[in-house]
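Source file: structure15.cif. Holds: mmCIF, C-alpha atoms and all ligand atoms.
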data_input
loop_
_atom_site.label_atom_id
_atom_site.label_comp_id
_atom_site.auth_asym_id
_atom_site.auth_seq_id
_atom_site.Cartn_x
_atom_site.Cartn_y
_atom_site.Cartn_z
CA MET A 232 0.00 0.00 0.00
CA THR A 233 1.27 3.46 -0.92
CA THR A 234 -1.50 5.77 0.14
CA SER A 235 -1.13 9.39 -0.94
CA GLY A 236 -4.22 10.68 0.75
CA ARG A 237 -5.81 11.43 -2.62
CA VAL A 238 -9.13 9.89 -3.47
CA ALA A 239 -8.98 7.81 -6.65
CA LEU A 240 -12.68 6.99 -6.89
CA ARG A 241 -15.57 8.65 -5.13
CA THR A 242 -19.29 8.09 -5.37
CA GLN A 243 -21.86 10.33 -3.78
CA ALA A 244 -25.40 9.13 -3.17
CA LEU A 245 -24.92 6.75 -6.09
CA THR A 246 -28.14 4.96 -6.93
CA LYS A 247 -29.27 2.53 -9.60
CA VAL A 248 -32.88 1.55 -9.82
CA PHE A 249 -33.96 -1.32 -12.08
CA ARG A 250 -37.72 -1.20 -12.61
CA GLY A 251 -38.37 0.13 -9.13
CA PHE A 252 -35.73 -2.08 -7.47
CA HIS A 253 -32.80 -0.29 -5.80
CA ALA A 254 -29.80 -2.46 -6.78
CA VAL A 255 -27.41 0.28 -5.56
CA ASP A 256 -28.90 2.65 -3.05
CA SER A 257 -27.32 5.98 -1.99
CA VAL A 258 -23.77 4.64 -1.90
CA ASN A 259 -21.00 6.98 -0.74
CA LEU A 260 -17.79 5.16 -1.53
CA GLU A 261 -14.26 6.49 -1.24
CA VAL A 262 -11.34 4.55 -2.64
CA ARG A 263 -7.97 6.04 -1.70
CA GLU A 264 -5.13 6.17 -4.18
CA GLY A 265 -2.72 3.25 -3.72
CA ASN A 266 -5.18 1.18 -1.72
CA VAL A 267 -6.40 -2.30 -2.48
CA HIS A 268 -10.09 -1.99 -1.73
CA ALA A 269 -12.45 -4.97 -1.55
CA LEU A 270 -16.19 -4.91 -2.17
CA VAL A 271 -17.93 -7.79 -0.48
CA GLY A 272 -21.45 -8.78 0.38
CA PRO A 273 -23.97 -11.54 -0.03
CA ASN A 274 -25.38 -12.50 -3.42
CA GLY A 275 -27.48 -9.73 -4.88
CA ALA A 276 -25.93 -7.06 -2.62
CA GLY A 277 -25.17 -4.85 -5.62
CA LYS A 278 -21.44 -5.43 -6.08
CA THR A 279 -21.57 -6.09 -9.81
CA THR A 280 -23.94 -3.20 -10.40
CA LEU A 281 -21.60 -0.89 -8.48
CA PHE A 282 -18.69 -2.15 -10.59
CA ASN A 283 -20.68 -1.51 -13.75
CA LEU A 284 -21.54 1.98 -12.56
CA LEU A 285 -17.90 2.77 -11.72
CA THR A 286 -16.76 1.74 -15.19
CA GLY A 287 -19.56 3.37 -17.18
CA PHE A 288 -21.19 0.10 -18.28
CA VAL A 289 -24.36 1.10 -16.44
CA SER A 290 -25.45 4.70 -16.00
CA PRO A 291 -26.73 5.79 -12.60
CA THR A 292 -30.30 6.72 -11.83
CA SER A 293 -28.92 9.44 -9.55
CA GLY A 294 -25.77 10.41 -7.68
CA THR A 295 -22.25 11.16 -8.89
CA ILE A 296 -18.97 9.38 -9.63
CA THR A 297 -15.57 11.07 -9.71
CA VAL A 298 -12.19 9.74 -10.74
CA PHE A 299 -9.37 11.75 -9.15
CA ASP A 300 -11.90 14.53 -8.58
CA GLU A 301 -13.06 14.62 -12.20
CA ASP A 302 -16.74 14.01 -12.70
CA VAL A 303 -17.34 10.95 -14.89
CA THR A 304 -21.02 10.49 -14.07
CA GLY A 305 -22.91 9.14 -17.07
CA GLN A 306 -19.78 8.79 -19.23
CA GLN A 307 -19.31 5.86 -21.60
CA PRO A 308 -16.88 3.02 -20.69
CA GLU A 309 -14.24 4.30 -23.18
CA GLN A 310 -14.35 7.75 -21.64
CA VAL A 311 -13.99 6.35 -18.12
CA ALA A 312 -11.14 4.12 -19.36
CA ARG A 313 -9.41 7.21 -20.72
CA ARG A 314 -9.31 8.57 -17.16
CA GLY A 315 -7.19 5.54 -16.26
CA VAL A 316 -9.87 3.20 -14.95
CA ALA A 317 -9.73 -0.33 -16.36
CA ARG A 318 -11.63 -3.46 -15.42
CA SER A 319 -10.79 -7.09 -15.88
CA PHE A 320 -12.24 -8.82 -18.90
CA GLN A 321 -14.15 -12.01 -18.36
CA ILE A 322 -12.92 -15.30 -19.81
CA THR A 323 -15.91 -15.28 -22.12
CA SER A 324 -14.29 -12.39 -23.99
CA LEU A 325 -11.11 -14.35 -24.79
CA PHE A 326 -10.66 -15.82 -28.27
CA GLU A 327 -10.07 -19.56 -27.98
CA THR A 328 -7.95 -19.84 -31.13
CA LEU A 329 -5.66 -16.89 -30.46
CA THR A 330 -2.58 -17.26 -28.28
CA SER A 331 -1.87 -15.34 -25.07
CA ARG A 332 0.76 -13.35 -26.95
CA GLU A 333 -1.76 -12.38 -29.63
CA HIS A 334 -4.27 -11.30 -26.98
CA VAL A 335 -1.72 -9.03 -25.31
CA GLU A 336 -0.62 -7.66 -28.70
CA LEU A 337 -4.22 -6.81 -29.56
CA ALA A 338 -4.75 -5.15 -26.19
CA LEU A 339 -1.67 -2.97 -26.71
CA GLN A 340 -2.63 -2.24 -30.29
CA GLY A 341 -6.00 -1.00 -29.11
CA LEU A 342 -4.13 1.72 -27.22
CA THR A 343 -2.46 3.18 -30.28
CA ARG A 344 -4.17 5.74 -32.45
CA GLN A 345 -2.73 4.25 -35.61
CA GLY A 346 -4.28 0.83 -35.03
CA PHE A 347 -2.98 -1.73 -37.49
CA ARG A 348 -0.83 0.77 -39.39
CA PHE A 349 1.22 1.12 -36.24
CA TRP A 350 2.56 -2.40 -36.75
CA ARG A 351 4.29 -1.45 -39.98
CA SER A 352 7.05 0.29 -38.08
CA GLU A 353 9.70 -2.28 -37.14
CA LYS A 354 11.18 -0.10 -34.44
CA LEU A 355 7.88 0.42 -32.68
CA LEU A 356 7.08 -3.22 -33.22
CA ASP A 357 10.22 -4.18 -31.31
CA ARG A 358 9.33 -1.88 -28.48
CA HIS A 359 5.90 -3.41 -28.31
CA ARG A 360 7.33 -6.91 -28.43
CA ALA A 361 9.36 -6.11 -25.33
CA ARG A 362 6.26 -4.79 -23.58
CA VAL A 363 4.28 -7.89 -24.56
CA ASP A 364 7.03 -10.10 -23.09
CA GLU A 365 7.09 -8.03 -19.93
CA LEU A 366 3.31 -8.32 -19.47
CA LEU A 367 3.34 -12.06 -20.12
CA ALA A 368 6.19 -12.43 -17.61
CA GLN A 369 4.32 -10.43 -14.98
CA VAL A 370 1.51 -12.95 -14.98
CA GLY A 371 3.71 -16.03 -15.46
CA LEU A 372 2.54 -16.89 -18.96
CA VAL A 373 5.82 -16.73 -20.91
CA PRO A 374 6.16 -20.52 -21.25
CA LEU A 375 2.60 -20.74 -22.59
CA ALA A 376 2.63 -17.60 -24.72
CA GLU A 377 2.30 -19.39 -28.06
CA LYS A 378 -0.48 -21.77 -27.04
CA PRO A 379 -4.04 -21.13 -28.23
CA VAL A 380 -6.01 -19.85 -25.28
CA GLY A 381 -8.51 -22.66 -25.67
CA LEU A 382 -5.81 -25.05 -24.46
CA LEU A 383 -4.97 -23.11 -21.29
CA ALA A 384 -6.12 -24.15 -17.83
CA TYR A 385 -8.75 -22.00 -16.09
CA GLY A 386 -6.26 -20.29 -13.76
CA GLN A 387 -4.01 -19.46 -16.72
CA LYS A 388 -6.91 -17.83 -18.55
CA ARG A 389 -7.63 -15.72 -15.49
CA ALA A 390 -3.94 -14.72 -15.39
CA LEU A 391 -4.23 -13.66 -19.03
CA GLU A 392 -7.22 -11.47 -18.15
CA LEU A 393 -4.99 -9.68 -15.65
CA ALA A 394 -2.29 -9.17 -18.29
CA LEU A 395 -4.92 -7.61 -20.57
CA VAL A 396 -5.94 -5.13 -17.89
CA LEU A 397 -2.30 -4.38 -17.10
CA ALA A 398 -1.68 -3.68 -20.79
CA LEU A 399 -3.82 -0.58 -20.36
CA ASP A 400 -1.48 0.57 -17.57
CA PRO A 401 -4.43 1.80 -15.53
CA ARG A 402 -4.20 4.06 -12.52
CA VAL A 403 -7.25 2.32 -11.10
CA MET A 404 -7.81 -1.36 -11.73
CA LEU A 405 -11.13 -3.07 -11.08
CA LEU A 406 -11.07 -6.83 -10.75
CA ASP A 407 -14.32 -8.75 -10.75
CA GLU A 408 -13.92 -11.92 -8.67
CA PRO A 409 -10.30 -12.59 -9.67
CA THR A 410 -10.29 -15.97 -7.87
CA ALA A 411 -13.79 -17.19 -8.70
CA GLY A 412 -13.90 -20.90 -9.49
CA MET A 413 -10.24 -21.51 -8.60
CA GLY A 414 -8.71 -24.25 -6.49
CA THR A 415 -6.52 -23.36 -3.47
CA GLU A 416 -3.27 -23.40 -5.41
CA ASP A 417 -4.52 -21.03 -8.10
CA VAL A 418 -6.11 -18.82 -5.45
CA ASP A 419 -2.78 -18.42 -3.64
CA ARG A 420 -0.97 -17.78 -6.90
CA THR A 421 -3.54 -15.13 -7.83
CA ILE A 422 -3.21 -13.43 -4.44
CA GLU A 423 0.53 -13.10 -5.04
CA LEU A 424 -0.04 -11.90 -8.57
CA VAL A 425 -2.57 -9.24 -7.59
CA ARG A 426 -0.31 -8.11 -4.76
CA ARG A 427 2.54 -7.66 -7.22
CA ILE A 428 0.56 -5.83 -9.85
CA ALA A 429 -1.15 -3.64 -7.24
CA ALA A 430 2.15 -1.97 -6.38
CA GLY A 431 1.83 1.68 -7.35
CA ARG A 432 -1.80 1.34 -8.40
CA THR A 433 -5.24 1.57 -6.93
CA VAL A 434 -7.16 -1.70 -7.03
CA VAL A 435 -10.83 -2.35 -6.36
CA PHE A 436 -11.92 -5.96 -6.37
CA VAL A 437 -14.98 -8.06 -5.68
CA ASP A 438 -14.43 -11.49 -4.18
CA HIS A 439 -16.45 -13.97 -2.19
CA ASN A 440 -13.37 -15.68 -0.77
CA MET A 441 -12.62 -14.16 2.64
CA HIS A 442 -9.07 -15.55 2.61
CA VAL A 443 -8.45 -13.51 -0.54
CA VAL A 444 -10.09 -10.41 0.94
CA GLY A 445 -8.11 -10.73 4.19
CA SER A 446 -4.84 -11.29 2.33
CA LEU A 447 -5.16 -8.42 -0.12
CA ALA A 448 -7.45 -5.66 1.05
CA ASP A 449 -6.29 -2.53 2.86
CA ARG A 450 -9.92 -1.59 3.14
CA VAL A 451 -13.18 -3.46 2.85
CA THR A 452 -16.65 -2.16 2.01
CA VAL A 453 -19.51 -4.50 2.86
CA LEU A 454 -22.66 -4.07 0.83
CA GLN A 455 -26.06 -5.42 1.68
CA GLN A 456 -29.21 -4.83 -0.32
CA GLY A 457 -27.54 -2.08 -2.31
CA ARG A 458 -26.33 -0.12 0.72
CA ILE A 459 -23.06 0.13 2.59
CA LEU A 460 -23.42 -1.92 5.74
CA ALA A 461 -19.89 -1.51 7.10
CA GLU A 462 -16.48 -0.27 6.06
CA GLY A 463 -12.96 -0.49 7.46
CA ALA A 464 -9.90 -2.68 7.68
CA TYR A 465 -10.60 -6.40 7.24
CA ASP A 466 -10.18 -7.19 10.94
CA GLU A 467 -12.56 -4.42 11.97
CA VAL A 468 -15.15 -5.42 9.46
CA ARG A 469 -15.02 -9.15 10.16
CA ASN A 470 -15.65 -8.49 13.86
CA ASP A 471 -18.60 -6.19 13.19
CA GLU A 472 -21.73 -7.89 14.52
CA ARG A 473 -23.90 -6.64 11.66
CA VAL A 474 -21.48 -8.03 9.13
CA ILE A 475 -21.20 -11.37 10.89
CA THR A 476 -24.95 -11.62 10.83
CA ALA A 477 -25.31 -10.49 7.26
CA TYR A 478 -22.47 -12.22 5.56
CA LEU A 479 -19.10 -13.13 7.01
CA GLY A 480 -20.34 -15.56 9.62
CA GLU A 481 -22.27 -17.30 6.91
CA ALA A 482 -19.24 -17.45 4.60
CA GLU A 483 -16.68 -18.45 7.24
CA HIS A 484 -18.82 -21.20 8.65
CA ALA A 485 -19.91 -22.49 5.29
N1 LIG B 1 -30.17 -5.36 -15.45
C1 LIG B 1 -30.88 -5.64 -14.35
N2 LIG B 1 -32.21 -5.61 -14.36
C2 LIG B 1 -32.94 -5.87 -13.25
N3 LIG B 1 -32.39 -6.21 -12.05
C3 LIG B 1 -31.04 -6.26 -11.99
C4 LIG B 1 -30.22 -5.99 -13.12
N4 LIG B 1 -28.92 -6.13 -12.74
C5 LIG B 1 -28.95 -6.47 -11.43
N5 LIG B 1 -30.21 -6.56 -10.98
C6 LIG B 1 -30.63 -6.89 -9.61
O1 LIG B 1 -29.91 -6.05 -8.72
C7 LIG B 1 -29.55 -6.78 -7.55
C8 LIG B 1 -28.05 -6.65 -7.34
O2 LIG B 1 -27.39 -7.44 -8.33
P1 LIG B 1 -25.81 -7.50 -8.47
O3 LIG B 1 -25.52 -8.45 -9.57
O4 LIG B 1 -25.26 -6.14 -8.55
O5 LIG B 1 -25.41 -8.15 -7.06
P2 LIG B 1 -24.04 -8.83 -6.64
O6 LIG B 1 -23.74 -8.33 -5.27
O7 LIG B 1 -23.01 -8.62 -7.68
O8 LIG B 1 -24.42 -10.37 -6.58
P3 LIG B 1 -23.51 -11.67 -6.87
O9 LIG B 1 -22.59 -11.78 -5.70
O10 LIG B 1 -24.54 -12.75 -6.90
O11 LIG B 1 -22.83 -11.45 -8.18
C9 LIG B 1 -30.01 -8.21 -7.75
O12 LIG B 1 -31.21 -8.40 -7.05
C10 LIG B 1 -30.24 -8.30 -9.24
O13 LIG B 1 -31.27 -9.22 -9.54
#
Would you kindly transcribe this structure into structure tokens?
Ligand SMILES: Nc1ncnc2c1ncn2[C@@H]1O[C@H](COP(=O)(O)OP(=O)(O)OP(=O)(O)O)[C@@H](O)[C@H]1O
Amino acid sequence: MTTSGRVALRTQALTKVFRGFHAVDSVNLEVREGNVHALVGPNGAGKTTLFNLLTGFVSPTSGTITVFDEDVTGQQPEQVARRGVARSFQITSLFETLTSREHVELALQGLTRQGFRFWRSEKLLDRHRARVDELLAQVGLVPLAEKPVGLLAYGQKRALELALVLALDPRVMLLDEPTAGMGTEDVDRTIELVRRIAAGRTVVFVDHNMHVVGSLADRVTVLQQGRILAEGAYDEVRNDERVITAYLGEAEHA
């Protein structure tokens, strides 16, 4: 954690109503720069909707969102991304026949204004090749870089998703359940990976695994029925009676 005291993401009275149902209800969230911030809560608490609001995939019914004090309320995902906010892609958006290297190349290419023409310059191509190698190395995929993604194990695909977010070099990284569906070994590897890539960045993540939350999060926000139920360091939050009742007790004793 390298907290500067600046606020990376802030929501004020953020609300999303779906046909009369308050999925996110008057949420005031503050994510500090350099923090790893977890969003937890029982199923249907509004975590995904909040994520979608923060990244512009869903527009709010009311309330505001700022990124480093700039108002991004109602902006499109590309505009929010331009402010340095990137979210993890889901496995479903990977192309089974392309390799990990090709995925990272495409992600980097998407960042250049020239698009495909960019790749005609050998010098720039070399520079990009080095960056592709670096990103693949960061997530431990160098030995598998030339394999079609369809042949990768689940944990390796999730690692590739992280490389694709890192390719955008975001100031704020949002990770949606980075360890979902993983076995213990992959979970521990992912914790290490996220810890490494979080250095010098702000990370917001959703995860149901309390071991992951406890290992990674500087701060935890607990949502219930669209509202913030509790907030604080993991140890504070896990000992909060309301949280134990609503969620953690349930999860830890499951
Ligand atoms: N597009 C939509 N239309 C109608 N209702 C929605 C829509 N998206 C979400 N909801 C409802 O909003 C509530 C919050 O859903 P959300 O997916 O944000 O919760 P969550 O905390 O991410 O849950 P989970 O842990 O199960 O992923 C749920 O009751 C859900 O049914």
Each residue of segment 405-470 of chain A lying at most 12 Å from segment 241-249 of chain A should get a row with its shortest atom-to-atom pair and the distance in Å to one decimal, counting all atoms listed in the file; could you produce that, ordered by chain and increasing number, as a Markdown table?
| residue | atom | partner | partner_atom | distance |
| --- | --- | --- | --- | --- |
| A:Gln456 | CA | A:Lys247 | CA | 11.8 |
| A:Gly457 | CA | A:Thr246 | CA | 8.4 |
| A:Arg458 | CA | A:Thr246 | CA | 9.4 |
| A:Ile459 | CA | A:Ala244 | CA | 10.9 |
Residues as selected, C-alpha atoms, written as a compact mmCIF listing (two decimals), in the coordinates of the input, can you do that?
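Writing the result to result34.txt gives the following:
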# COMPACT_ATOMS: atom_id res chain seq x y z
CA GLN A 456 -29.21 -4.83 -0.32
CA GLY A 457 -27.54 -2.08 -2.31
CA ARG A 458 -26.33 -0.12 0.72
CA ILE A 459 -23.06 0.13 2.59
Exercise for the section: Report the distance between atom CA of Val451 of chain A and atom CA of Asn283 of chain A in Å, rounded to one decimal place. Expected result: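 So the answer is 18.3 Å.
Atom pair atom CA of Val437 of chain A / atom CA of Val468 of chain A has a distance of 15.4 Å (rounded to one decimal).
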Exercise for the section: Give as a list in words the residues surrounding ligand LIG 1 (chain B) up to a distance of 6 Å, considering all atoms listed in the file. Expected result: Phe249, Ala254, Pro273, Asn274, Gly275, Ala276, Gly277, Lys278, Thr279 and Thr280 of chain A
Fill in the blank from the handout: Val335 of chain A proximity check over A:Tyr385, A:Leu397, A:Leu285, A:Val311, using only C-alpha atoms: winner is A:Leu397
Do a neighbour search on segment 296-299 of chain A at 10 Å with only C-alpha atoms, toss out local chain neighbours closer than 2 positions, and write the hits as a PDB file with C-alpha atoms, keeping the file's coordinate frame.
ATOM      1  CA  ARG A 237      -5.810  11.430  -2.620  1.00  0.00           C
ATOM      2  CA  VAL A 238      -9.130   9.890  -3.470  1.00  0.00           C
ATOM      3  CA  ALA A 239      -8.980   7.810  -6.650  1.00  0.00           C
ATOM      4  CA  LEU A 240     -12.680   6.990  -6.890  1.00  0.00           C
ATOM      5  CA  ARG A 241     -15.570   8.650  -5.130  1.00  0.00           C
ATOM      6  CA  THR A 242     -19.290   8.090  -5.370  1.00  0.00           C
ATOM      7  CA  GLN A 243     -21.860  10.330  -3.780  1.00  0.00           C
ATOM      8  CA  ALA A 244     -25.400   9.130  -3.170  1.00  0.00           C
ATOM      9  CA  LEU A 245     -24.920   6.750  -6.090  1.00  0.00           C
ATOM     10  CA  ASN A 259     -21.000   6.980  -0.740  1.00  0.00           C
ATOM     11  CA  LEU A 260     -17.790   5.160  -1.530  1.00  0.00           C
ATOM     12  CA  GLU A 261     -14.260   6.490  -1.240  1.00  0.00           C
ATOM     13  CA  VAL A 262     -11.340   4.550  -2.640  1.00  0.00           C
ATOM     14  CA  ARG A 263      -7.970   6.040  -1.700  1.00  0.00           C
ATOM     15  CA  GLU A 264      -5.130   6.170  -4.180  1.00  0.00           C
ATOM     16  CA  LEU A 284     -21.540   1.980 -12.560  1.00  0.00           C
ATOM     17  CA  LEU A 285     -17.900   2.770 -11.720  1.00  0.00           C
ATOM     18  CA  THR A 286     -16.760   1.740 -15.190  1.00  0.00           C
ATOM     19  CA  GLY A 287     -19.560   3.370 -17.180  1.00  0.00           C
ATOM     20  CA  PRO A 291     -26.730   5.790 -12.600  1.00  0.00           C
ATOM     21  CA  SER A 293     -28.920   9.440  -9.550  1.00  0.00           C
ATOM     22  CA  GLY A 294     -25.770  10.410  -7.680  1.00  0.00           C
ATOM     23  CA  GLU A 301     -13.060  14.620 -12.200  1.00  0.00           C
ATOM     24  CA  ASP A 302     -16.740  14.010 -12.700  1.00  0.00           C
ATOM     25  CA  VAL A 303     -17.340  10.950 -14.890  1.00  0.00           C
ATOM     26  CA  THR A 304     -21.020  10.490 -14.070  1.00  0.00           C
ATOM     27  CA  GLY A 305     -22.910   9.140 -17.070  1.00  0.00           C
ATOM     28  CA  GLN A 306     -19.780   8.790 -19.230  1.00  0.00           C
ATOM     29  CA  VAL A 311     -13.990   6.350 -18.120  1.00  0.00           C
ATOM     30  CA  ARG A 314      -9.310   8.570 -17.160  1.00  0.00           C
ATOM     31  CA  GLY A 315      -7.190   5.540 -16.260  1.00  0.00           C
ATOM     32  CA  VAL A 316      -9.870   3.200 -14.950  1.00  0.00           C
ATOM     33  CA  ARG A 402      -4.200   4.060 -12.520  1.00  0.00           C
ATOM     34  CA  VAL A 403      -7.250   2.320 -11.100  1.00  0.00           C
TER      35      VAL A 403
END
Practice task
Measure the distance from atom CA of Gln310 of chain A to atom CA of Leu339 of chain A in Å and round it to one decimal.
Solution key: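 Atom CA of Gln310 of chain A sits 17.4 Å away from atom CA of Leu339 of chain A.
Contact shell of segment 370-383 of chain A at 8 Å (only C-alpha atoms; same-chain neighbours under 6 positions omitted): Leu325, Phe326, Glu327, Thr328, Leu329, Thr330, Ser331, Arg332, Asp364, Ala390, Leu391, Leu393, Ala394 and Leu424 of chain A.
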Practice task
Do a neighbour search on Gly265 of chain A at 12 Å with only C-alpha atoms, toss out local chain neighbours closer than 5 positions, and write the hits as a ChimeraX atom specification.
Solution key: /A:232-240,402-404,426,428-435,448-450
Completion exercise
Min atom-atom distance to Glu472 of chain A from the set A:Leu270, A:Val289, A:Leu460, A:Ala312, counting all atoms listed in the file, belongs to A:Leu460
If you count only C-alpha atoms, which residues fall within 9 Å of Glu408 of chain A, apart from same-chain ones fewer than 6 positions away, as a PDB file with C-alpha atoms, in the coordinates of the input?
ATOM      1  CA  PHE A 436     -11.920  -5.960  -6.370  1.00  0.00           C
ATOM      2  CA  VAL A 437     -14.980  -8.060  -5.680  1.00  0.00           C
ATOM      3  CA  ASP A 438     -14.430 -11.490  -4.180  1.00  0.00           C
ATOM      4  CA  HIS A 439     -16.450 -13.970  -2.190  1.00  0.00           C
ATOM      5  CA  ASN A 440     -13.370 -15.680  -0.770  1.00  0.00           C
TER       6      ASN A 440
END
Handout entry: Counting all atoms listed in the file, the residue of A:Val267, A:Leu356, A:Val363, A:Gly445 that sits nearest Leu399 of chain A
Key = A:Val363
